[in-house]
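Q: Next comes the structure file final-v3.pdb, holding PDB, C-alpha atoms, pLDDT in the B column.
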```pdb
ATOM      1  CA  MET O   1      20.896  54.346 -38.673  1.00 55.00           C
ATOM      2  CA  GLY O   2      22.951  51.176 -38.518  1.00 54.00           C
ATOM      3  CA  GLN O   3      24.578  49.557 -35.532  1.00 63.00           C
ATOM      4  CA  TYR O   4      27.547  51.959 -35.437  1.00 68.00           C
ATOM      5  CA  GLY O   5      25.709  55.152 -36.333  1.00 71.00           C
ATOM      6  CA  TYR O   6      26.131  54.821 -40.096  1.00 67.00           C
ATOM      7  CA  PRO O   7      23.153  54.662 -42.464  1.00 67.00           C
ATOM      8  CA  ALA O   8      22.105  51.265 -43.804  1.00 65.00           C
ATOM      9  CA  PRO O   9      23.704  50.407 -47.195  1.00 67.00           C
ATOM     10  CA  TYR O  10      20.280  49.814 -48.757  1.00 65.00           C
ATOM     11  CA  GLN O  11      16.671  50.654 -48.102  1.00 63.00           C
ATOM     12  CA  ALA O  12      14.687  47.811 -46.540  1.00 60.00           C
ATOM     13  CA  TYR O  13      10.940  47.850 -47.140  1.00 63.00           C
ATOM     14  CA  GLY O  14       8.735  45.025 -45.878  1.00 59.00           C
ATOM     15  CA  SER O  15       9.818  41.445 -45.377  1.00 56.00           C
ATOM     16  CA  PRO O  16      12.655  39.889 -47.385  1.00 56.00           C
ATOM     17  CA  MET O  17      11.886  37.792 -50.479  1.00 58.00           C
ATOM     18  CA  ALA O  18      13.923  34.731 -49.414  1.00 61.00           C
ATOM     19  CA  GLY O  19      12.677  32.502 -46.648  1.00 61.00           C
ATOM     20  CA  GLY O  20       9.213  33.040 -45.318  1.00 58.00           C
ATOM     21  CA  PRO O  21       6.792  30.480 -43.972  1.00 61.00           C
ATOM     22  CA  PRO O  22       6.369  27.166 -45.823  1.00 61.00           C
ATOM     23  CA  LEU O  23       3.235  26.665 -47.861  1.00 67.00           C
ATOM     24  CA  ASP O  24       0.592  24.489 -46.221  1.00 70.00           C
ATOM     25  CA  ARG O  25      -1.414  22.729 -48.925  1.00 78.00           C
ATOM     26  CA  SER O  26      -3.308  20.322 -46.705  1.00 84.00           C
ATOM     27  CA  GLY O  27      -6.378  18.598 -48.107  1.00 91.00           C
ATOM     28  CA  LEU O  28      -7.579  16.324 -50.869  1.00 94.00           C
ATOM     29  CA  TYR O  29      -5.778  16.111 -54.222  1.00 92.00           C
ATOM     30  CA  LEU O  30      -6.122  14.220 -57.502  1.00 94.00           C
ATOM     31  CA  GLY O  31      -3.256  13.444 -59.856  1.00 94.00           C
ATOM     32  CA  PHE O  32      -2.760  12.059 -63.365  1.00 94.00           C
ATOM     33  CA  GLY O  33       0.391  10.891 -65.115  1.00 94.00           C
ATOM     34  CA  VAL O  34       1.557   9.055 -68.211  1.00 93.00           C
ATOM     35  CA  PHE O  35       4.497   6.699 -68.672  1.00 88.00           C
ATOM     36  CA  GLY O  36       6.311   4.620 -71.242  1.00 88.00           C
ATOM     37  CA  ASP O  37       8.312   1.401 -70.823  1.00 81.00           C
ATOM     38  CA  GLU O  38      10.957  -0.238 -72.961  1.00 81.00           C
ATOM     39  CA  VAL O  39      11.905  -3.911 -72.472  1.00 76.00           C
ATOM     40  CA  ILE O  40      15.670  -4.468 -72.594  1.00 76.00           C
ATOM     41  CA  ASN O  41      16.165  -8.180 -71.823  1.00 72.00           C
ATOM     42  CA  GLN O  42      13.882 -11.084 -70.979  1.00 69.00           C
ATOM     43  CA  ALA O  43      16.486 -13.458 -69.538  1.00 72.00           C
ATOM     44  CA  ASN O  44      17.142 -15.613 -72.617  1.00 70.00           C
ATOM     45  CA  SER O  45      13.526 -16.600 -73.135  1.00 65.00           C
ATOM     46  CA  ALA O  46      12.543 -18.366 -76.347  1.00 58.00           C
ATOM     47  CA  VAL O  47       9.399 -16.218 -76.627  1.00 59.00           C
ATOM     48  CA  ASP O  48       9.038 -12.469 -76.070  1.00 61.00           C
ATOM     49  CA  PHE O  49       6.543 -12.381 -73.217  1.00 66.00           C
ATOM     50  CA  LEU O  50       6.622  -8.637 -72.721  1.00 68.00           C
ATOM     51  CA  THR O  51       6.687  -5.876 -75.305  1.00 72.00           C
ATOM     52  CA  ALA O  52       7.317  -2.154 -74.932  1.00 78.00           C
ATOM     53  CA  GLY O  53       4.317   0.010 -74.194  1.00 80.00           C
ATOM     54  CA  GLY O  54       2.839   2.934 -72.335  1.00 85.00           C
ATOM     55  CA  GLY O  55       0.158   3.655 -69.812  1.00 87.00           C
ATOM     56  CA  TYR O  56      -1.243   6.053 -67.250  1.00 90.00           C
ATOM     57  CA  ASN O  57      -1.384   6.616 -63.494  1.00 91.00           C
ATOM     58  CA  LEU O  58      -4.249   7.954 -61.394  1.00 94.00           C
ATOM     59  CA  MET O  59      -3.640   9.160 -57.840  1.00 94.00           C
ATOM     60  CA  LEU O  60      -6.033  10.241 -55.108  1.00 96.00           C
ATOM     61  CA  GLY O  61      -4.605  11.451 -51.842  1.00 95.00           C
ATOM     62  CA  PHE O  62      -5.050  13.501 -48.726  1.00 95.00           C
ATOM     63  CA  ARG O  63      -2.213  15.693 -47.464  1.00 92.00           C
ATOM     64  CA  LEU O  64      -2.242  15.851 -43.673  1.00 90.00           C
ATOM     65  CA  ASN O  65       0.579  18.405 -43.332  1.00 85.00           C
ATOM     66  CA  PRO O  66       3.414  19.695 -45.558  1.00 79.00           C
ATOM     67  CA  MET O  67       5.526  16.584 -44.874  1.00 83.00           C
ATOM     68  CA  PHE O  68       2.981  13.703 -44.807  1.00 90.00           C
ATOM     69  CA  ALA O  69       0.224  12.493 -47.140  1.00 91.00           C
ATOM     70  CA  LEU O  70      -1.796   9.328 -47.696  1.00 95.00           C
ATOM     71  CA  GLU O  71      -2.211   8.339 -51.342  1.00 94.00           C
ATOM     72  CA  LEU O  72      -4.050   5.673 -53.288  1.00 96.00           C
ATOM     73  CA  GLY O  73      -2.822   5.066 -56.824  1.00 94.00           C
ATOM     74  CA  LEU O  74      -3.646   3.010 -59.903  1.00 90.00           C
ATOM     75  CA  GLY O  75      -1.156   2.314 -62.681  1.00 86.00           C
ATOM     76  CA  GLN O  76      -2.501   0.933 -65.946  1.00 83.00           C
ATOM     77  CA  GLY O  77      -0.018  -0.239 -68.582  1.00 81.00           C
ATOM     78  CA  PHE O  78      -0.660  -1.431 -72.127  1.00 78.00           C
ATOM     79  CA  HIS O  79       2.095  -3.773 -73.336  1.00 73.00           C
ATOM     80  CA  ASN O  80       1.091  -7.116 -74.781  1.00 67.00           C
ATOM     81  CA  ASN O  81      -1.663  -6.794 -77.318  1.00 67.00           C
ATOM     82  CA  VAL O  82      -1.958 -10.383 -78.527  1.00 70.00           C
ATOM     83  CA  THR O  83      -4.760 -12.198 -80.297  1.00 74.00           C
ATOM     84  CA  ASP O  84      -6.356 -15.124 -78.473  1.00 75.00           C
ATOM     85  CA  ALA O  85      -7.732 -18.298 -80.094  1.00 79.00           C
ATOM     86  CA  TRP O  86     -11.031 -16.535 -80.969  1.00 84.00           C
ATOM     87  CA  GLY O  87      -9.366 -13.579 -82.724  1.00 79.00           C
ATOM     88  CA  THR O  88      -9.964 -11.086 -79.902  1.00 79.00           C
ATOM     89  CA  PRO O  89      -7.067  -8.737 -79.029  1.00 72.00           C
ATOM     90  CA  VAL O  90      -6.183  -9.171 -75.351  1.00 71.00           C
ATOM     91  CA  ASP O  91      -3.848  -7.030 -73.234  1.00 65.00           C
ATOM     92  CA  TYR O  92      -2.587  -9.382 -70.515  1.00 59.00           C
ATOM     93  CA  LEU O  93      -0.802  -6.664 -68.540  1.00 59.00           C
ATOM     94  CA  SER O  94      -3.573  -4.106 -68.284  1.00 53.00           C
TER      95      SER O  94
END
```
Mind turning the file's structure into structure tokens?

A:
Amino acid sequence: MGQYGYPAPYQAYGSPMAGGPPLDRSGLYLGFGVFGDEVINQANSAVDFLTAGGGYNLMLGFRLNPMFALELGLGQGFHNNVTDAWGTPVDYLS
């Protein structure tokens, strides 16, 4: 029975779907990502120093609680494949 002696308008079984405790995913984690870059303007330079390219990210972290984590990351981009004086392709931004 409800508060005023009337039956409840619906049957309630168990806990409600909304809400509930937050998930605690504490511990070590590893991440991987990919990215792409496009160069728009190089400030009126006579030579194009930077070209468009892509790359990847690696992350290693430790989550201390649901709101705080420490993370170490590496981002590797591949943009300027040029040939040096000896004919070897070199990526200056990797």

Q: Measure the distance from CA of Tyr29 (chain O) to CA of Arg63 (chain O) in Å and round it to one decimal.

A: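 We find that CA of Tyr29 (chain O) and CA of Arg63 (chain O) lie 7.7 Å from each other.
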
Q: Expand the PyMOL selection byres ((chain O and resi 54) around 8) into the individual residues it matches in the shown file, reporting them as a PyMOL selection string.

A: chain O and resi 34-37+52-53+55-56+77-79

Q: With a distance cut-off of 10 Å and all atoms listed in the file, select the neighbouring residues of Leu72 (chain O), excluding the residue or stretch itself and same-chain residues fewer than 5 positions from it, and output the selection as a list in words.

A: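 Residues near the query, excluding close chain neighbours: Leu30, Leu58, Met59, Leu60, Gly61 and Phe62 of chain O.
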
Q: Spell out the residues picked by the PyMOL selection byres ((chain O and resi 25) around 9) here, as a ChimeraX atom specification.

A: /O:23-24,26-27,63-66

Q: In Å to one decimal, how far is CA of Val82 (chain O) from CA of Ala43 (chain O)?

A: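 Calculated distance between CA of Ala43 (chain O) and CA of Val82 (chain O) is 20.7 Å.
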
Q: Can you give me N, CA, C and O atoms for region 53-79 of chain O, written as a CSV table (one decimal), in the coordinates of the input?

A:
```csv
chain,number,residue,atom,x,y,z
O,53,GLY,N,5.6,-0.6,-74.2
O,53,GLY,CA,4.3,0.0,-74.2
O,53,GLY,C,4.2,1.2,-73.3
O,53,GLY,O,5.2,1.7,-72.7
O,54,GLY,N,3.1,1.8,-73.2
O,54,GLY,CA,2.8,2.9,-72.3
O,54,GLY,C,1.7,2.7,-71.4
O,54,GLY,O,1.1,1.6,-71.4
O,55,GLY,N,1.3,3.8,-70.7
O,55,GLY,CA,0.2,3.7,-69.8
O,55,GLY,C,-0.1,5.0,-69.1
O,55,GLY,O,0.4,6.0,-69.4
O,56,TYR,N,-0.9,4.9,-68.0
O,56,TYR,CA,-1.2,6.1,-67.2
O,56,TYR,C,-1.3,5.7,-65.8
O,56,TYR,O,-1.5,4.6,-65.4
O,57,ASN,N,-1.3,6.7,-64.9
O,57,ASN,CA,-1.4,6.6,-63.5
O,57,ASN,C,-2.5,7.6,-63.0
O,57,ASN,O,-2.6,8.7,-63.5
O,58,LEU,N,-3.3,7.1,-62.1
O,58,LEU,CA,-4.2,8.0,-61.4
O,58,LEU,C,-3.9,7.9,-59.9
O,58,LEU,O,-3.7,6.9,-59.4
O,59,MET,N,-3.9,9.1,-59.3
O,59,MET,CA,-3.6,9.2,-57.8
O,59,MET,C,-4.7,10.0,-57.1
O,59,MET,O,-5.2,11.0,-57.7
O,60,LEU,N,-5.1,9.5,-56.0
O,60,LEU,CA,-6.0,10.2,-55.1
O,60,LEU,C,-5.4,10.2,-53.7
O,60,LEU,O,-5.0,9.2,-53.2
O,61,GLY,N,-5.3,11.4,-53.1
O,61,GLY,CA,-4.6,11.5,-51.8
O,61,GLY,C,-5.2,12.5,-50.9
O,61,GLY,O,-6.0,13.4,-51.4
O,62,PHE,N,-4.7,12.5,-49.7
O,62,PHE,CA,-5.0,13.5,-48.7
O,62,PHE,C,-3.8,13.9,-48.0
O,62,PHE,O,-3.1,13.1,-47.4
O,63,ARG,N,-3.4,15.2,-48.1
O,63,ARG,CA,-2.2,15.7,-47.5
O,63,ARG,C,-2.6,16.2,-46.1
O,63,ARG,O,-3.4,17.0,-45.9
O,64,LEU,N,-1.9,15.5,-45.1
O,64,LEU,CA,-2.2,15.9,-43.7
O,64,LEU,C,-1.5,17.1,-43.2
O,64,LEU,O,-2.0,17.9,-42.4
O,65,ASN,N,-0.2,17.2,-43.6
O,65,ASN,CA,0.6,18.4,-43.3
O,65,ASN,C,1.6,18.5,-44.5
O,65,ASN,O,1.6,17.7,-45.3
O,66,PRO,N,2.5,19.5,-44.4
O,66,PRO,CA,3.4,19.7,-45.6
O,66,PRO,C,4.4,18.5,-45.8
O,66,PRO,O,4.9,18.4,-46.8
O,67,MET,N,4.6,17.7,-44.8
O,67,MET,CA,5.5,16.6,-44.9
O,67,MET,C,4.9,15.2,-45.0
O,67,MET,O,5.6,14.2,-45.1
O,68,PHE,N,3.6,15.0,-44.9
O,68,PHE,CA,3.0,13.7,-44.8
O,68,PHE,C,1.7,13.7,-45.5
O,68,PHE,O,0.8,14.6,-45.4
O,69,ALA,N,1.5,12.7,-46.4
O,69,ALA,CA,0.2,12.5,-47.1
O,69,ALA,C,-0.1,11.0,-47.3
O,69,ALA,O,0.8,10.2,-47.3
O,70,LEU,N,-1.3,10.7,-47.4
O,70,LEU,CA,-1.8,9.3,-47.7
O,70,LEU,C,-2.3,9.3,-49.1
O,70,LEU,O,-3.1,10.2,-49.5
O,71,GLU,N,-1.9,8.3,-49.9
O,71,GLU,CA,-2.2,8.3,-51.3
O,71,GLU,C,-2.6,6.9,-51.8
O,71,GLU,O,-2.0,6.0,-51.4
O,72,LEU,N,-3.6,6.9,-52.6
O,72,LEU,CA,-4.0,5.7,-53.3
O,72,LEU,C,-3.8,5.9,-54.8
O,72,LEU,O,-4.2,6.9,-55.3
O,73,GLY,N,-3.2,4.9,-55.4
O,73,GLY,CA,-2.8,5.1,-56.8
O,73,GLY,C,-3.2,3.8,-57.7
O,73,GLY,O,-3.2,2.7,-57.2
O,74,LEU,N,-3.4,4.1,-58.9
O,74,LEU,CA,-3.6,3.0,-59.9
O,74,LEU,C,-2.7,3.3,-61.1
O,74,LEU,O,-2.7,4.4,-61.7
O,75,GLY,N,-2.0,2.2,-61.5
O,75,GLY,CA,-1.2,2.3,-62.7
O,75,GLY,C,-1.7,1.3,-63.7
O,75,GLY,O,-1.8,0.1,-63.4
O,76,GLN,N,-2.0,1.8,-64.9
O,76,GLN,CA,-2.5,0.9,-65.9
O,76,GLN,C,-1.5,1.0,-67.1
O,76,GLN,O,-1.3,2.0,-67.7
O,77,GLY,N,-1.0,-0.2,-67.5
O,77,GLY,CA,0.0,-0.2,-68.6
O,77,GLY,C,-0.6,-1.1,-69.7
O,77,GLY,O,-1.3,-2.1,-69.5
O,78,PHE,N,-0.2,-0.7,-70.9
O,78,PHE,CA,-0.7,-1.4,-72.1
O,78,PHE,C,0.6,-1.9,-72.9
O,78,PHE,O,1.3,-1.1,-73.5
O,79,HIS,N,0.9,-3.2,-72.8
O,79,HIS,CA,2.1,-3.8,-73.3
O,79,HIS,C,1.9,-4.9,-74.3
O,79,HIS,O,2.5,-4.9,-75.4
```
